[in-house]
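To start, the structure under review is shown below, and the notes come after it.
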Amino acid sequence: MRLQVLGWQSIGLRCADSKIDLESGGVKKLNLIQMPNGTGKTTTLGLIQAAMTGDANTWSPKKIQTYKSKNKDNEQGRFILHLQIDDNRLSFDLTIDFEQNEVTYRTSSSRIGGAVEGWKPPSEYRRFLVKSFVGLFIFDGELSKKLLDENETQAEKAIDALCQLYLLDEVKSKLDAYWEKAVDKADAKTTKGLQMWQGKLSKLSTRKDFLNNTKTESEKKNITLKNNIQELSDSIVERLAKEGGKLEEMEEAKINAANAENQVEKDAETLMRDLRQPHLVDALFAENLKTLKDSMVELQIPRETSKQFFVEVSKSPSCICGEPMNEERKVRILERSEKYLGSDITGELNALKTDIENNTSNINATNNSVSSSAIALQDSIDASLQAETDIATLQHTLTKGMDEGIKEDNITLDALKLEKQGLSDLLEALNEDDNGLDSVESLSIASIKRQHKKAKDKVSEISDNVALSNQIEIVKSILSKATIDSRSKITAQIVDECNELLEEIMKLNPVTIRNINKSLQLEGQDGASTGQTLAVGYCFLSTLLNRGENKFPFVVDSPANPLDDVVRAEIATMIPKLCDQMIAFVIPPERPDFIPPLVQASDNDVRYITTFRINKGSQNLLDSLPDDKKLVEKTDDGVLVYGEEYFNRFLKEKE
Amino acid sequence: MPFKLKDQAFSWFKHIDKKPPLTTQFDLYYLCLLIGLISGKSDSVDQPSIFIDHFVTGYYPYRRIIAGLLLHTELKHFGIALSESDEIKQKIELLLSSSDNMLTKEGFDKLNSYASGGFNIICATIIDKPRNTAEFLLQYSSLLKSEMSISTIWK
């Protein structure tokens, strides 16, 4: 599959009205869109992502309002994105209603019979148009951080998605379908029994799908509810405080609560930091380790001479005393050698003694580290609870004389909280461990999975398809192993290829990937600088995107901004290799050391676009527009200029 | 040779797993391990969940200290006095190696079984699945203190 962005149009949104055409004269390899800060780069990137993924349906009212124009009081805004997927055009048209706080989609493609309401891309493209995947090629600095964050799984997900390892899961589904067909055809000895278990299996299959879907939907809804509750709660507290003339008091109480919560986090972090250092956990640890070390010193463990030395002596023709080596001597030497440790462990044991010495030399100081940190944490938890009580008390006092609007919002807030509690309870029940009891009504996904397997085994047994079922299970386990092995081998190759690229690029600031275990793990370091993080992220995605059969555009916001001058040129030379269409939103200061090598690496197949907002400060820019009017497009609040000459001139003027 | 903890343990910790400041699964493993080493209680790792094969960044500098704690616990467990040179060497050869993790296969197995034993104590004492990391750490510190006060391994 090959996906290209042909252009977009925004009307009545926070970014200036504009129509970006990336199609006329053929799609270019490199598309440089120069937008000074404040022109709406982040808004545009957010809208491109939302259009591609259908994600705007889950936006909270607060998020919707962030797309509203600051200068116009529009009720609605629109964003239209045009894509080319293989030989088909696909357009998404978003209408954002700022009055109703709603987003609606229209999708147009010949593959779905023209224009239809809703976000409805052809089904074969959907798997690539999900947020987690689109986020890989609509790239921001956050993705690089996530790739390296050990709590995230973005790196592993990216490998699975781009190398299409999900296809192996699809084969598993086909095998299940084949088994079901075979069972249906079977001439069962006990038809009644078979029918009963088939019925049970069918119910459990439906239940399993239902619970999995419920879980996915509930998790999404939970996030939306959480945001809505927070927004409404903040709004009520603010209005209450304003009306009751206690805004300052409420603000102070909220600040106190936030500070107290921060303190809890800090104190928990301190306690965990102390616990992570075993010698600080308890003075008895330190004392006993010191005693162990002292004993090892006294007993000469390890000795300077190792077991290997005596083994070698026993093999010599003569003993070190000069006497010839006979069998009796040999046996005695080998017996004695057992009292010595091997040479390989000697160094580690000496290091162990040194570590104990260094870490336990001041036992008194370590005496109460964990206890003191725990006391501090207890105090800050108490303070946090008190701060929350203060807000509740103040709110209760103010609520007595509140107006109808606030009363209604309070009722809505209570209803939202109740709904969220219900959802949390439901999610907990769905995630509950299997209790071992058989009930089709169970909410525990783990329990339904186990019952499903049991019913399937039973159906196989009754329908004489046990052999087939076993064969299918074997093939499925081979497929599962193939997935794991493939991921492991692909991972190893990617690590090697990435490290080769990094060695070339990061000569002055070397960084090496040690492993990809859900996230990227760097060799011998806790963290990486912004430049290193971005370089590792680019190298990883470059290696991945170049592997698959699919081609995706690469949309990047300020690609060179966080990089130092030395790395800029190397990165610029590398990025165009990532894809066959790159769209880079650049700011004027990125030009030095970055844009010339980027253009060169793109074989000069470049489209230059400059766009800026019309405001009080833009008169000199308007005066210096190119004479060729075909290159300039003006809207109510923005100007868009095509061409290299103005692009470079604009840069110089800004510098 | 990987670090393993009972699958049941990660399920029990699921509400606080990877919630700051417990940023890695190794944090949970290590907290269980400390209780296991203090109490000297070990348990088999049924239905193990293998989560990593090396000391993560925050613990790597203390890998030898952790190996030292294991060695001390095992010496005490087998009643080996600190004057018994040959027996100590045997234990060292059994548990410790020159590898980056400083543990032999037997050493890993022992460490994993102490973590498993530690988990049994944690979930039997705290009972409810923890939902708040700060509150859990507070309860954990109290348990740590109480286990140390009755420990026969470290007195």
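Ligands are numbered from 1 in the order shown, residues from 1 within each chain, and chains are lettered A, B, ... in the order they appear in the structure tokens.
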
Kindly assemble as a tab-separated table a list of the chain A residues that lie within 6 Å of chain B, each paired with its nearest atom pair and their distance in Å to one decimal, using only C-alpha atoms, sorted first by chain and then by ascending residue number.
residue	atom	partner	partner_atom	distance
A:Ala268	CA	B:Ala134	CA	5.4
A:Glu269	CA	B:Pro21	CA	5.2
A:Asp344	CA	B:Ser98	CA	5.8
A:Ile345	CA	B:Ser98	CA	4.9
A:Glu348	CA	B:Ser98	CA	5.9
A:Leu352	CA	B:Arg64	CA	5.4

Output of the above residues as a PDB file, in the first residue's frame, restricted to C-alpha atoms:
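Okay, this is what ended up in selection-v4.pdb:
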ATOM      1  CA  ALA A 268       6.853   8.571  47.408  1.00  0.00           C
ATOM      2  CA  GLU A 269       9.655   9.003  44.866  1.00  0.00           C
ATOM      3  CA  ASP A 344      36.629 -15.833  36.437  1.00  0.00           C
ATOM      4  CA  ILE A 345      34.727 -15.222  39.694  1.00  0.00           C
ATOM      5  CA  GLU A 348      33.636 -10.150  40.668  1.00  0.00           C
ATOM      6  CA  LEU A 352      31.565  -7.271  45.578  1.00  0.00           C
TER       7      LEU A 352
END

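Atom CA of A:Met250 sits 15.5 Å away from atom CA of A:Ser384.
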
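Residues of chain B that DSSP, applied to the backbone, places in strand (DSSP E or B): Phe3, Lys4, Leu5, Lys6, Pro48, Ser49, Ile50, Phe51, Ile52, Leu96 and Leu103 of chain B.
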
Could you turn the residues from that selection into a file that holds N, CA and C atoms, as a tab-separated table (two decimals), in the first residue's frame?
chain	number	residue	atom	x	y	z
B	3	PHE	N	14.70	-13.05	35.21
B	3	PHE	CA	14.01	-12.80	36.47
B	3	PHE	C	12.56	-13.21	36.26
B	4	LYS	N	12.02	-13.94	37.22
B	4	LYS	CA	10.64	-14.41	37.09
B	4	LYS	C	9.87	-14.10	38.36
B	5	LEU	N	8.61	-13.80	38.17
B	5	LEU	CA	7.73	-13.64	39.33
B	5	LEU	C	6.42	-14.34	38.97
B	6	LYS	N	5.69	-14.80	39.97
B	6	LYS	CA	4.42	-15.48	39.69
B	6	LYS	C	3.52	-14.56	38.87
B	48	PRO	N	5.13	-18.92	35.95
B	48	PRO	CA	5.96	-17.72	36.05
B	48	PRO	C	5.72	-16.72	34.93
B	49	SER	N	5.90	-15.49	35.26
B	49	SER	CA	5.86	-14.44	34.26
B	49	SER	C	7.29	-13.93	34.14
B	50	ILE	N	7.90	-14.23	32.98
B	50	ILE	CA	9.28	-13.79	32.75
B	50	ILE	C	9.21	-12.37	32.25
B	51	PHE	N	9.84	-11.44	32.93
B	51	PHE	CA	9.65	-10.07	32.48
B	51	PHE	C	10.94	-9.40	32.03
B	52	ILE	N	12.08	-9.87	32.45
B	52	ILE	CA	13.35	-9.25	32.01
B	52	ILE	C	14.51	-10.19	32.32
B	96	LEU	N	26.94	-17.59	42.59
B	96	LEU	CA	27.48	-16.40	41.94
B	96	LEU	C	28.35	-16.74	40.74
B	103	LEU	N	25.01	-13.70	38.70
B	103	LEU	CA	24.28	-14.85	39.25
B	103	LEU	C	24.39	-16.06	38.33

Exercise: B:Phe108 partners within 8 Å, only C-alpha atoms, chain neighbours under 6 positions left out, as a PDB file with C-alpha atoms, in the first residue's frame:
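Wrote it out as selection-v6.pdb, contents follow:
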ATOM      1  CA  MET B   1      18.459 -16.752  32.744  1.00  0.00           C
ATOM      2  CA  PRO B   2      15.575 -14.435  33.447  1.00  0.00           C
ATOM      3  CA  PHE B   3      14.012 -12.796  36.465  1.00  0.00           C
ATOM      4  CA  LEU B  95      25.090 -18.940  43.385  1.00  0.00           C
TER       5      LEU B  95
END

Atom CA of A:Thr95 sits from atom CA of A:Ser110 at a separation of 21.2 Å

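As for atom CA of B:Leu143 and atom CA of B:Ala124, they are spaced 10.9 Å apart.
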
Find the residues near A:Ile159: any atom within 9 Å, counting only C-alpha atoms, skip ones fewer than 5 places away on the same chain, and give them as an MDAnalysis selection string.
chainID A and resid 154 164:165 487 490:491 544

Contacts of stretch 549-555 of chain A at 9 Å or less, counting only C-alpha atoms, minus same-chain residues fewer than 6 places along, as a PDB file with C-alpha atoms, in the first residue's frame?
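Result written to result-v4.pdb:
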ATOM      1  CA  MET A   1       0.000   0.000   0.000  1.00  0.00           C
ATOM      2  CA  ARG A   2       1.243   3.480  -0.846  1.00  0.00           C
ATOM      3  CA  LEU A   3      -0.259   6.462   0.962  1.00  0.00           C
ATOM      4  CA  GLN A   4       0.350  10.064  -0.098  1.00  0.00           C
ATOM      5  CA  VAL A   5      -1.021  13.371   1.154  1.00  0.00           C
ATOM      6  CA  LEU A  45      -0.788  18.584  12.482  1.00  0.00           C
ATOM      7  CA  LEU A 136       4.507   6.846  13.566  1.00  0.00           C
ATOM      8  CA  PHE A 137       4.669   8.841  10.373  1.00  0.00           C
ATOM      9  CA  ILE A 138       3.074  12.070  11.598  1.00  0.00           C
ATOM     10  CA  PHE A 139       6.058  12.558  13.782  1.00  0.00           C
ATOM     11  CA  ASP A 140       6.691  14.835  16.726  1.00  0.00           C
ATOM     12  CA  LEU A 162       5.043  -2.338   9.875  1.00  0.00           C
ATOM     13  CA  CYS A 163       6.259  -5.899   9.482  1.00  0.00           C
ATOM     14  CA  ILE A 575      15.422  11.815   6.632  1.00  0.00           C
ATOM     15  CA  PRO A 576      14.452  11.818   2.910  1.00  0.00           C
ATOM     16  CA  LEU A 578      12.613   7.446   5.180  1.00  0.00           C
ATOM     17  CA  CYS A 579       9.887   7.774   2.597  1.00  0.00           C
ATOM     18  CA  ASP A 580       8.925   8.887  -0.879  1.00  0.00           C
ATOM     19  CA  GLN A 581       6.951  11.881   0.397  1.00  0.00           C
ATOM     20  CA  MET A 582       8.132  14.070   3.227  1.00  0.00           C
ATOM     21  CA  ILE A 583       6.135  17.041   4.512  1.00  0.00           C
ATOM     22  CA  ALA A 584       8.202  19.199   6.840  1.00  0.00           C
ATOM     23  CA  PHE A 585       6.744  22.120   8.769  1.00  0.00           C
TER      24      PHE A 585
END

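Residues in contact range of A:Gly12, defined as at most 9 Å between only C-alpha atoms, with sequence neighbours fewer than 4 positions away removed, read Ala16, Asp17, Lys68, Ser69, Lys72, Asp73, Asn74, Glu75, Gln76, Gly77, Arg78 and Phe79 of chain A.
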